[in-house]
$ cat query18.cif   # mmCIF, C-alpha atoms
data_data
#
loop_
_atom_site.label_atom_id
_atom_site.label_comp_id
_atom_site.auth_asym_id
_atom_site.auth_seq_id
_atom_site.Cartn_x
_atom_site.Cartn_y
_atom_site.Cartn_z
CA MET I 215 50.13 6.89 72.07
CA ALA I 216 47.72 7.01 69.13
CA ARG I 217 50.01 4.71 67.13
CA ARG I 218 50.05 2.16 69.96
CA LEU I 219 46.27 2.29 70.21
CA HIS I 220 45.90 1.71 66.48
CA GLY I 221 48.36 -1.19 66.70
CA LEU I 222 46.43 -2.78 69.55
CA VAL I 223 43.13 -2.41 67.69
CA ASP I 224 44.64 -3.97 64.57
CA ARG I 225 45.92 -6.97 66.56
CA VAL I 226 42.55 -7.54 68.19
CA ARG I 227 40.87 -7.15 64.83
CA ARG I 228 43.09 -9.85 63.31
CA VAL I 229 42.05 -12.21 66.10
CA THR I 230 38.38 -11.65 65.35
CA ASP I 231 39.05 -12.31 61.66
CA SER I 232 40.64 -15.69 62.36
CA PRO I 233 39.12 -18.70 60.57
CA TRP I 234 38.29 -20.57 63.79
CA LEU I 235 36.23 -17.67 65.14
CA THR I 236 34.53 -17.34 61.77
CA HIS I 237 33.47 -20.99 61.91
CA LEU I 238 32.20 -20.58 65.48
CA ALA I 239 30.26 -17.47 64.44
CA ARG I 240 28.64 -19.44 61.63
CA ALA I 241 27.66 -22.09 64.17
CA GLY I 242 26.13 -19.35 66.32
CA LEU I 243 24.18 -18.03 63.36
CA ILE I 244 22.89 -21.53 62.66
CA ALA I 245 21.79 -21.75 66.31
CA TYR I 246 20.12 -18.34 65.97
CA GLY I 247 18.19 -19.51 62.92
CA ALA I 248 17.21 -22.78 64.60
CA MET I 249 15.96 -20.84 67.62
CA HIS I 250 13.61 -18.85 65.39
CA LEU I 251 12.37 -22.04 63.77
CA LEU I 252 11.56 -23.42 67.23
CA ILE I 253 9.75 -20.19 68.16
CA ALA I 254 7.74 -20.58 64.95
CA VAL I 255 6.75 -24.13 65.93
CA LEU I 256 5.75 -23.03 69.45
CA ALA I 257 3.72 -20.10 68.08
CA ALA I 258 2.02 -22.38 65.56
CA ARG I 259 1.04 -24.75 68.39
CA MET I 260 -0.41 -21.76 70.23
CA ALA I 261 -2.39 -20.80 67.12
CA MET I 262 -3.87 -24.31 67.09
CA GLY I 263 -4.85 -24.01 70.75
CA LEU I 264 -2.07 -26.28 71.99
CA ARG I 265 -0.05 -24.94 74.89
CA GLY I 266 3.51 -25.97 75.58
CA ALA I 267 6.68 -24.00 76.20
CA ASP I 268 6.51 -20.21 75.80
CA ALA I 269 6.77 -19.02 72.20
CA ASP I 270 9.94 -17.01 72.79
CA GLN I 271 13.70 -17.45 73.07
CA THR I 272 13.63 -19.07 76.51
CA GLY I 273 10.83 -21.38 75.42
CA ALA I 274 12.93 -22.47 72.45
CA LEU I 275 15.91 -23.14 74.72
CA LEU I 276 13.74 -25.10 77.15
CA THR I 277 12.52 -27.21 74.25
CA VAL I 278 16.12 -27.97 73.32
CA ALA I 279 16.98 -28.81 76.94
CA GLN I 280 14.18 -31.37 77.13
CA GLY I 281 15.27 -33.19 73.98
CA PRO I 282 17.91 -35.92 73.56
CA GLY I 283 21.37 -34.55 74.34
CA GLY I 284 19.74 -31.26 75.24
CA ARG I 285 22.40 -30.12 77.70
CA LEU I 286 25.22 -30.63 75.24
CA LEU I 287 23.25 -28.88 72.51
CA LEU I 288 22.67 -25.92 74.82
CA VAL I 289 26.41 -25.68 75.47
CA ALA I 290 27.06 -25.72 71.73
CA ILE I 291 24.38 -23.08 71.16
CA GLY I 292 25.75 -20.93 73.97
CA LEU I 293 29.34 -21.03 72.75
CA GLY I 294 28.25 -20.38 69.18
CA MET I 295 26.11 -17.41 70.17
CA LEU I 296 28.91 -15.93 72.29
CA SER I 297 31.28 -16.28 69.34
CA LEU I 298 28.72 -14.56 67.14
CA ALA I 299 28.45 -11.77 69.72
CA LEU I 300 32.22 -11.25 69.66
CA TRP I 301 32.23 -11.40 65.86
CA GLN I 302 29.57 -8.68 65.64
CA ALA I 303 30.91 -6.44 68.41
CA ALA I 304 34.38 -6.55 66.87
CA GLU I 305 33.00 -4.50 63.97
CA VAL I 306 33.40 -1.49 66.26
CA LEU I 307 37.17 -1.95 65.88
CA LEU I 308 36.78 -1.24 62.18
CA TRP I 309 34.65 1.87 62.61
CA TRP I 310 35.83 3.48 65.86
CA HIS I 311 38.37 5.80 64.24
CA GLY I 312 35.47 7.62 62.57
CA LEU I 313 34.57 9.00 66.00
CA LEU I 314 37.68 11.17 65.72
CA ASP I 315 36.39 12.76 62.51
CA PRO I 316 33.73 15.45 63.17
CA ALA I 317 32.29 14.98 59.68
CA HIS I 318 31.52 11.30 60.27
CA ARG I 319 31.16 11.21 64.06
CA VAL I 320 27.36 10.90 64.22
CA ARG I 321 27.08 8.18 61.59
CA THR I 322 29.98 6.28 63.13
CA ALA I 323 28.40 6.49 66.59
CA VAL I 324 25.13 5.09 65.22
CA VAL I 325 26.93 2.24 63.46
CA CYS I 326 28.99 1.37 66.55
CA ALA I 327 25.86 1.45 68.72
CA LYS I 328 24.13 -0.96 66.34
CA CYS I 329 27.13 -3.30 66.39
CA LEU I 330 27.26 -3.33 70.17
CA ALA I 331 23.47 -3.74 70.49
CA LYS I 332 23.43 -6.74 68.17
CA GLY I 333 26.43 -8.19 69.93
CA ALA I 334 24.68 -7.72 73.28
CA VAL I 335 21.58 -9.59 72.04
CA TYR I 336 23.67 -12.50 70.77
CA GLY I 337 25.71 -12.50 73.98
CA PHE I 338 22.61 -12.52 76.18
CA LEU I 339 21.16 -15.46 74.27
CA GLY I 340 24.48 -17.28 74.51
CA LEU I 341 24.72 -16.79 78.29
CA THR I 342 21.09 -17.83 78.68
CA ALA I 343 21.76 -21.05 76.78
CA LEU I 344 24.76 -21.82 79.00
CA LEU I 345 22.72 -21.12 82.16
CA PHE I 346 19.98 -23.43 80.90
CA SER I 347 22.60 -26.12 80.26
CA LEU I 348 23.40 -25.95 84.00
CA GLY I 349 19.73 -26.35 84.92
CA LEU I 350 19.24 -22.66 85.84
CA GLU I 351 16.03 -22.20 83.89
CA TYR I 352 13.45 -19.41 83.99
CA GLU I 353 10.56 -18.04 81.94
CA ALA I 354 11.20 -14.69 80.30
CA ASP I 355 7.65 -13.36 80.78
CA GLU I 356 7.66 -14.04 84.52
CA ARG I 357 11.11 -12.48 84.93
CA LEU I 358 10.02 -9.41 82.97
CA ARG I 359 6.89 -8.95 85.09
CA ASP I 360 8.91 -9.23 88.30
CA LEU I 361 11.47 -6.75 87.05
CA THR I 362 8.75 -4.34 85.93
CA GLU I 363 7.01 -4.54 89.32
CA GLU I 364 10.27 -3.84 91.15
CA THR I 365 11.07 -0.92 88.85
CA LEU I 366 7.65 0.67 89.34
CA LEU I 367 8.30 0.84 93.08
CA ILE I 368 11.30 3.13 92.73
CA PRO I 369 11.04 6.90 92.04
CA GLY I 370 10.86 7.52 88.32
CA GLY I 371 10.32 3.82 87.65
CA ALA I 372 7.33 4.38 85.39
CA LEU I 373 9.33 6.84 83.31
CA LEU I 374 12.18 4.35 83.03
CA ILE I 375 9.86 1.56 81.90
CA GLY I 376 8.18 3.93 79.45
CA THR I 377 11.57 4.79 77.98
CA VAL I 378 12.46 1.12 77.60
CA ALA I 379 9.05 0.49 76.01
CA ALA I 380 9.63 3.31 73.53
CA GLY I 381 13.00 1.76 72.68
CA VAL I 382 11.44 -1.65 72.08
CA VAL I 383 8.78 -0.09 69.84
CA ALA I 384 11.55 1.71 67.94
CA VAL I 385 13.36 -1.61 67.44
CA GLY I 386 10.12 -3.13 66.17
CA ILE I 387 9.60 -0.27 63.72
CA TYR I 388 13.22 -0.47 62.58
CA THR I 389 12.90 -4.21 62.00
CA PHE I 390 9.63 -3.74 60.12
CA VAL I 391 11.16 -1.02 57.93
CA ARG I 392 14.12 -3.26 57.12
CA GLY I 393 11.63 -5.84 55.96
CA CYS I 394 9.88 -3.29 53.76
CA THR I 395 13.07 -1.93 52.18
CA GLY I 396 15.01 -5.18 51.92
CA GLY I 397 18.09 -3.45 53.39
CA PHE I 398 18.91 -6.60 55.35
CA MET I 399 20.27 -8.15 52.13
CA ARG I 400 23.44 -6.11 52.65
CA ASP I 401 24.12 -8.42 55.60
CA ILE I 402 24.55 -11.41 53.32
CA ASP I 403 27.05 -12.32 50.64
CA LEU I 404 26.32 -15.44 48.63
CA PRO I 405 28.91 -15.45 45.84
CA ALA I 406 28.58 -19.19 45.26
CA ALA I 407 24.77 -19.25 45.13
CA PRO I 408 22.96 -19.13 41.79
CA ASP I 409 21.45 -15.73 41.06
CA ARG I 410 17.96 -17.21 41.05
CA TRP I 411 18.22 -17.91 44.80
CA GLU I 412 18.80 -14.31 45.85
CA PRO I 413 15.20 -13.17 45.16
CA VAL I 414 13.96 -16.21 47.07
CA ILE I 415 16.18 -15.42 50.05
CA GLU I 416 15.13 -11.76 49.91
CA GLY I 417 11.43 -12.69 49.86
CA ILE I 418 11.87 -15.05 52.82
CA GLY I 419 13.86 -12.41 54.69
CA ARG I 420 11.26 -9.70 54.06
CA PHE I 421 8.51 -11.90 55.47
CA GLY I 422 10.62 -12.75 58.51
CA TYR I 423 11.61 -9.16 59.27
CA LEU I 424 8.02 -7.94 58.92
CA ALA I 425 6.77 -10.59 61.36
CA LYS I 426 9.51 -9.86 63.88
CA GLY I 427 8.86 -6.14 63.61
CA ILE I 428 5.17 -6.58 64.37
CA ALA I 429 5.84 -8.91 67.30
CA PHE I 430 8.50 -6.76 68.96
CA GLY I 431 6.50 -3.60 68.37
CA LEU I 432 3.61 -5.21 70.23
CA VAL I 433 5.97 -6.16 73.10
CA GLY I 434 6.84 -2.48 73.43
CA VAL I 435 3.18 -1.44 73.40
CA LEU I 436 2.33 -3.93 76.16
CA LEU I 437 5.27 -2.71 78.23
CA TRP I 438 4.11 0.88 77.70
CA ARG I 439 0.67 -0.05 79.01
CA ALA I 440 2.29 -1.49 82.12
CA ALA I 441 4.17 1.78 82.66
CA THR I 442 1.10 4.00 82.25
CA SER I 443 -1.40 1.82 84.13
CA ALA I 444 0.93 0.33 86.78
CA ASP I 445 -0.57 -3.04 85.83
CA VAL I 446 2.41 -5.38 85.63
CA SER I 447 0.29 -8.17 84.16
CA THR I 448 0.53 -6.40 80.80
CA ALA I 449 4.35 -6.41 80.94
CA THR I 450 5.09 -9.45 78.84
CA GLY I 451 7.77 -10.45 76.43
CA LEU I 452 7.50 -12.15 73.07
CA ASP I 453 5.28 -14.95 74.33
CA GLY I 454 2.89 -12.37 75.78
CA ALA I 455 2.77 -10.61 72.44
CA MET I 456 1.93 -13.90 70.75
CA THR I 457 -0.82 -14.49 73.30
CA ALA I 458 -2.21 -11.00 72.68
CA ILE I 459 -2.32 -11.64 68.94
CA ALA I 460 -4.12 -14.94 69.50
CA GLY I 461 -6.73 -13.19 71.67
CA VAL I 462 -8.11 -10.84 69.01
CA GLN I 463 -10.71 -11.66 66.38
CA ALA I 464 -9.13 -13.90 63.74
CA GLY I 465 -6.24 -14.18 66.18
CA PRO I 466 -5.31 -17.81 65.39
CA TRP I 467 -4.95 -16.93 61.71
CA LEU I 468 -2.90 -13.84 62.49
CA LEU I 469 -0.72 -15.80 64.90
CA ALA I 470 -0.22 -18.51 62.29
CA GLY I 471 1.03 -15.80 59.93
CA VAL I 472 3.43 -14.45 62.56
CA ALA I 473 4.63 -18.00 63.27
CA ALA I 474 5.29 -18.50 59.57
CA GLY I 475 7.20 -15.21 59.56
CA PHE I 476 9.45 -16.32 62.40
CA GLY I 477 10.05 -19.55 60.55
CA ALA I 478 10.96 -17.55 57.45
CA PHE I 479 13.42 -15.48 59.48
CA GLY I 480 14.97 -18.70 60.77
CA VAL I 481 15.47 -19.91 57.20
CA TYR I 482 16.99 -16.55 56.26
CA ALA I 483 19.41 -16.77 59.21
CA LEU I 484 20.47 -20.24 58.08
CA ALA I 485 21.09 -18.87 54.58
CA ARG I 486 23.12 -16.05 56.12
CA ALA I 487 25.26 -18.63 57.91
CA ARG I 488 26.37 -19.91 54.51
CA ALA I 489 27.43 -16.45 53.40
CA ARG I 490 31.07 -15.50 53.00
CA TYR I 491 30.73 -12.72 55.56
CA PRO I 492 27.79 -13.57 57.84
CA ASP I 493 26.26 -10.54 59.52
CA ARG I 494 29.22 -8.16 59.38
CA ASP I 495 27.83 -5.20 57.49
CA PRO I 496 26.57 -2.79 60.17
CA SER I 497 26.10 0.09 57.75
CA THR I 498 22.51 -0.93 56.95
#
$ encode --input "query18.cif" --output "structure tokens"
Amino acid sequence: MARRLHGLVDRVRRVTDSPWLTHLARAGLIAYGAMHLLIAVLAARMAMGLRGADADQTGALLTVAQGPGGRLLLVAIGLGMLSLALWQAAEVLLWWHGLLDPAHRVRTAVVCAKCLAKGAVYGFLGLTALLFSLGLEYEADERLRDLTEETLLIPGGALLIGTVAAGVVAVGIYTFVRGCTGGFMRDIDLPAAPDRWEPVIEGIGRFGYLAKGIAFGLVGVLLWRAATSADVSTATGLDGAMTAIAGVQAGPWLLAGVAAGFGAFGVYALARARARYPDRDPST
């Protein structure tokens, strides 16, 4: 039985290593980088006092939808992101056998959880892009507030939202720490790039990870406030976090810095798309 299971896993693994899926995953990573560049533009507009689409993932997709050939681009983005999700989640097939070894079980479980979480994020963005291509559009902040309000009405809802908020803050801290340590560079392999470009890519990546960490940490804090105060108006996503940054003293300057950071992350993601093995090292 164990031999059959190993054989099945190996066959599935070979499928995920196929060149065509690799090319689709690269396309998804390009779409992921472009999405961050669009978020940076929308956040920069907000910093200048100009209001348009929300400065978050759905706002970026709406911007694409409204442009020339937007529907077709959304389909391409969706398929690419779904391929990237499969590419990332398939890493579990390489690590799962470690769960059978008591000495490596905890580390393997953490690695597999990270693979699946990243795959889930890519998959969600891919499905969202496909839904938008069909005209089924929504704003993330409004959907989050509605969901928070409904959750607060059920027994233990505040505790559940608080737990989710703590998880989002943890993701923000993790992202920020990755920016500080530069550990994200293990996700990228640029054998053909001149050595002088690696410090540039690392510097851009650090800036991007720091900005994302701050933004997502603030999303978690706002969600926590909604859980403790039962005020769903504070339950906002990334666009709400950007708005909160803009509302403090020197907010436009701070928001401009965060916008630049998201743009830097987009550039880093595009560089990662050119790597030999884009985003397949979950050990970091």
$ resolve_selection --input "query18.cif" --expression "the PyMOL selection byres ((chain I and resi 455) around 8)" --output "list in words"
Ala429, Phe430, Leu432, Val433, Leu436, Thr450, Gly451, Leu452, Asp453, Gly454, Met456, Thr457, Ala458 and Ile459 of chain I
$ resolve_selection --input "query18.cif" --expression "the PyMOL selection byres ((chain I and resi 241) around 9)" --output "PDB file with C-alpha atoms, in the coordinates of the input"
ATOM      1  CA  THR I 236      34.530 -17.340  61.770  1.00  0.00           C
ATOM      2  CA  HIS I 237      33.470 -20.990  61.910  1.00  0.00           C
ATOM      3  CA  LEU I 238      32.200 -20.580  65.480  1.00  0.00           C
ATOM      4  CA  ALA I 239      30.260 -17.470  64.440  1.00  0.00           C
ATOM      5  CA  ARG I 240      28.640 -19.440  61.630  1.00  0.00           C
ATOM      6  CA  GLY I 242      26.130 -19.350  66.320  1.00  0.00           C
ATOM      7  CA  LEU I 243      24.180 -18.030  63.360  1.00  0.00           C
ATOM      8  CA  ILE I 244      22.890 -21.530  62.660  1.00  0.00           C
ATOM      9  CA  ALA I 245      21.790 -21.750  66.310  1.00  0.00           C
ATOM     10  CA  TYR I 246      20.120 -18.340  65.970  1.00  0.00           C
ATOM     11  CA  ALA I 290      27.060 -25.720  71.730  1.00  0.00           C
ATOM     12  CA  ILE I 291      24.380 -23.080  71.160  1.00  0.00           C
ATOM     13  CA  LEU I 293      29.340 -21.030  72.750  1.00  0.00           C
ATOM     14  CA  GLY I 294      28.250 -20.380  69.180  1.00  0.00           C
ATOM     15  CA  MET I 295      26.110 -17.410  70.170  1.00  0.00           C
ATOM     16  CA  SER I 297      31.280 -16.280  69.340  1.00  0.00           C
ATOM     17  CA  LEU I 298      28.720 -14.560  67.140  1.00  0.00           C
ATOM     18  CA  ALA I 487      25.260 -18.630  57.910  1.00  0.00           C
TER      19      ALA I 487
END
$ resolve_selection --input "query18.cif" --expression "the PyMOL selection byres ((chain I and resi 252) around 10)" --output "VMD selection string"
chain I and resid 247 to 251 253 to 258 269 to 271 273 to 275 277 to 278 473 476 to 477 480
$ write_last_selection --input "query18.cif" --atoms "C-alpha atoms" --output "PDB file, keeping the file's coordinate frame"
ATOM      1  CA  GLY I 247      18.190 -19.510  62.920  1.00  0.00           C
ATOM      2  CA  ALA I 248      17.210 -22.780  64.600  1.00  0.00           C
ATOM      3  CA  MET I 249      15.960 -20.840  67.620  1.00  0.00           C
ATOM      4  CA  HIS I 250      13.610 -18.850  65.390  1.00  0.00           C
ATOM      5  CA  LEU I 251      12.370 -22.040  63.770  1.00  0.00           C
ATOM      6  CA  ILE I 253       9.750 -20.190  68.160  1.00  0.00           C
ATOM      7  CA  ALA I 254       7.740 -20.580  64.950  1.00  0.00           C
ATOM      8  CA  VAL I 255       6.750 -24.130  65.930  1.00  0.00           C
ATOM      9  CA  LEU I 256       5.750 -23.030  69.450  1.00  0.00           C
ATOM     10  CA  ALA I 257       3.720 -20.100  68.080  1.00  0.00           C
ATOM     11  CA  ALA I 258       2.020 -22.380  65.560  1.00  0.00           C
ATOM     12  CA  ALA I 269       6.770 -19.020  72.200  1.00  0.00           C
ATOM     13  CA  ASP I 270       9.940 -17.010  72.790  1.00  0.00           C
ATOM     14  CA  GLN I 271      13.700 -17.450  73.070  1.00  0.00           C
ATOM     15  CA  GLY I 273      10.830 -21.380  75.420  1.00  0.00           C
ATOM     16  CA  ALA I 274      12.930 -22.470  72.450  1.00  0.00           C
ATOM     17  CA  LEU I 275      15.910 -23.140  74.720  1.00  0.00           C
ATOM     18  CA  THR I 277      12.520 -27.210  74.250  1.00  0.00           C
ATOM     19  CA  VAL I 278      16.120 -27.970  73.320  1.00  0.00           C
ATOM     20  CA  ALA I 473       4.630 -18.000  63.270  1.00  0.00           C
ATOM     21  CA  PHE I 476       9.450 -16.320  62.400  1.00  0.00           C
ATOM     22  CA  GLY I 477      10.050 -19.550  60.550  1.00  0.00           C
ATOM     23  CA  GLY I 480      14.970 -18.700  60.770  1.00  0.00           C
TER      24      GLY I 480
END
$ closest_residue --input "query18.cif" --among "I:Glu351, I:Glu412, I:Glu305, I:Glu363" --to "Ala441 (chain I)" --atoms "all atoms listed in the file"
I:Glu363
$ residues_around --input "query18.cif" --residues "Tyr423 (chain I)" --least-positions-apart "2" --cutoff "10 Å" --atoms "all atoms listed in the file" --output "list in words"
Gly386, Tyr388, Thr389, Phe390, Val391, Arg392, Gly393, Cys394, Gly396, Phe398, Ile418, Gly419, Arg420, Phe421, Ala425, Lys426, Gly427, Ile428, Ala429, Gly475, Phe476, Ala478, Phe479 and Tyr482 of chain I
$ atom_distance --input "query18.cif" --atom1 "CA of Lys328 (chain I)" --atom2 "CA of Glu416 (chain I)"
21.6 Å
$ atom_distance --input "query18.cif" --atom1 "CA of Trp438 (chain I)" --atom2 "CA of Phe338 (chain I)"
22.9 Å
$ build_atoms --input "query18.cif" --residues "region 407-427 of chain I" --atoms "N, CA, C and O atoms" --output "mmCIF file, in the frame of the given file"
data_model
loop_
_atom_site.group_PDB
_atom_site.id
_atom_site.type_symbol
_atom_site.label_atom_id
_atom_site.label_comp_id
_atom_site.auth_asym_id
_atom_site.auth_seq_id
_atom_site.Cartn_x
_atom_site.Cartn_y
_atom_site.Cartn_z
ATOM 1 N N ALA I 407 26.166 -18.868 45.373
ATOM 2 C CA ALA I 407 24.770 -19.250 45.130
ATOM 3 C C ALA I 407 24.319 -18.790 43.749
ATOM 4 O O ALA I 407 24.705 -17.715 43.293
ATOM 5 N N PRO I 408 23.513 -19.573 43.081
ATOM 6 C CA PRO I 408 22.960 -19.130 41.790
ATOM 7 C C PRO I 408 22.140 -17.866 41.973
ATOM 8 O O PRO I 408 21.519 -17.653 43.015
ATOM 9 N N ASP I 409 22.153 -17.013 40.969
ATOM 10 C CA ASP I 409 21.450 -15.730 41.060
ATOM 11 C C ASP I 409 19.963 -15.921 41.348
ATOM 12 O O ASP I 409 19.344 -15.061 41.986
ATOM 13 N N ARG I 410 19.399 -17.024 40.873
ATOM 14 C CA ARG I 410 17.960 -17.210 41.050
ATOM 15 C C ARG I 410 17.574 -17.368 42.513
ATOM 16 O O ARG I 410 16.402 -17.185 42.874
ATOM 17 N N TRP I 411 18.541 -17.710 43.390
ATOM 18 C CA TRP I 411 18.220 -17.910 44.800
ATOM 19 C C TRP I 411 18.144 -16.602 45.567
ATOM 20 O O TRP I 411 17.502 -16.551 46.613
ATOM 21 N N GLU I 412 18.792 -15.560 45.099
ATOM 22 C CA GLU I 412 18.800 -14.310 45.850
ATOM 23 C C GLU I 412 17.407 -13.707 46.007
ATOM 24 O O GLU I 412 17.051 -13.258 47.098
ATOM 25 N N PRO I 413 16.564 -13.665 44.943
ATOM 26 C CA PRO I 413 15.200 -13.170 45.160
ATOM 27 C C PRO I 413 14.397 -14.020 46.138
ATOM 28 O O PRO I 413 13.574 -13.489 46.891
ATOM 29 N N VAL I 414 14.657 -15.335 46.138
ATOM 30 C CA VAL I 414 13.960 -16.210 47.070
ATOM 31 C C VAL I 414 14.363 -15.883 48.502
ATOM 32 O O VAL I 414 13.513 -15.747 49.392
ATOM 33 N N ILE I 415 15.683 -15.745 48.715
ATOM 34 C CA ILE I 415 16.180 -15.420 50.050
ATOM 35 C C ILE I 415 15.661 -14.054 50.485
ATOM 36 O O ILE I 415 15.279 -13.861 51.646
ATOM 37 N N GLU I 416 15.626 -13.099 49.561
ATOM 38 C CA GLU I 416 15.130 -11.760 49.910
ATOM 39 C C GLU I 416 13.651 -11.821 50.288
ATOM 40 O O GLU I 416 13.224 -11.187 51.264
ATOM 41 N N GLY I 417 12.851 -12.579 49.548
ATOM 42 C CA GLY I 417 11.430 -12.690 49.860
ATOM 43 C C GLY I 417 11.206 -13.333 51.223
ATOM 44 O O GLY I 417 10.380 -12.867 52.021
ATOM 45 N N ILE I 418 11.965 -14.386 51.518
ATOM 46 C CA ILE I 418 11.870 -15.050 52.820
ATOM 47 C C ILE I 418 12.280 -14.090 53.926
ATOM 48 O O ILE I 418 11.625 -13.983 54.970
ATOM 49 N N GLY I 419 13.380 -13.364 53.695
ATOM 50 C CA GLY I 419 13.860 -12.410 54.690
ATOM 51 C C GLY I 419 12.872 -11.287 54.949
ATOM 52 O O GLY I 419 12.666 -10.885 56.098
ATOM 53 N N ARG I 420 12.267 -10.765 53.887
ATOM 54 C CA ARG I 420 11.260 -9.700 54.060
ATOM 55 C C ARG I 420 10.129 -10.172 54.963
ATOM 56 O O ARG I 420 9.716 -9.470 55.890
ATOM 57 N N PHE I 421 9.614 -11.347 54.674
ATOM 58 C CA PHE I 421 8.510 -11.900 55.470
ATOM 59 C C PHE I 421 8.927 -12.041 56.926
ATOM 60 O O PHE I 421 8.190 -11.685 57.849
ATOM 61 N N GLY I 422 10.142 -12.557 57.140
ATOM 62 C CA GLY I 422 10.620 -12.750 58.510
ATOM 63 C C GLY I 422 10.808 -11.439 59.254
ATOM 64 O O GLY I 422 10.403 -11.315 60.420
ATOM 65 N N TYR I 423 11.396 -10.453 58.613
ATOM 66 C CA TYR I 423 11.610 -9.160 59.270
ATOM 67 C C TYR I 423 10.288 -8.459 59.575
ATOM 68 O O TYR I 423 10.141 -7.828 60.633
ATOM 69 N N LEU I 424 9.326 -8.556 58.678
ATOM 70 C CA LEU I 424 8.020 -7.940 58.920
ATOM 71 C C LEU I 424 7.349 -8.569 60.137
ATOM 72 O O LEU I 424 6.799 -7.864 60.999
ATOM 73 N N ALA I 425 7.393 -9.899 60.224
ATOM 74 C CA ALA I 425 6.770 -10.590 61.360
ATOM 75 C C ALA I 425 7.455 -10.229 62.663
ATOM 76 O O ALA I 425 6.795 -9.964 63.682
ATOM 77 N N LYS I 426 8.783 -10.209 62.662
ATOM 78 C CA LYS I 426 9.510 -9.860 63.880
ATOM 79 C C LYS I 426 9.234 -8.416 64.284
ATOM 80 O O LYS I 426 9.097 -8.107 65.471
ATOM 81 N N GLY I 427 9.142 -7.532 63.300
ATOM 82 C CA GLY I 427 8.860 -6.140 63.610
ATOM 83 C C GLY I 427 7.506 -5.955 64.282
ATOM 84 O O GLY I 427 7.376 -5.212 65.260
#
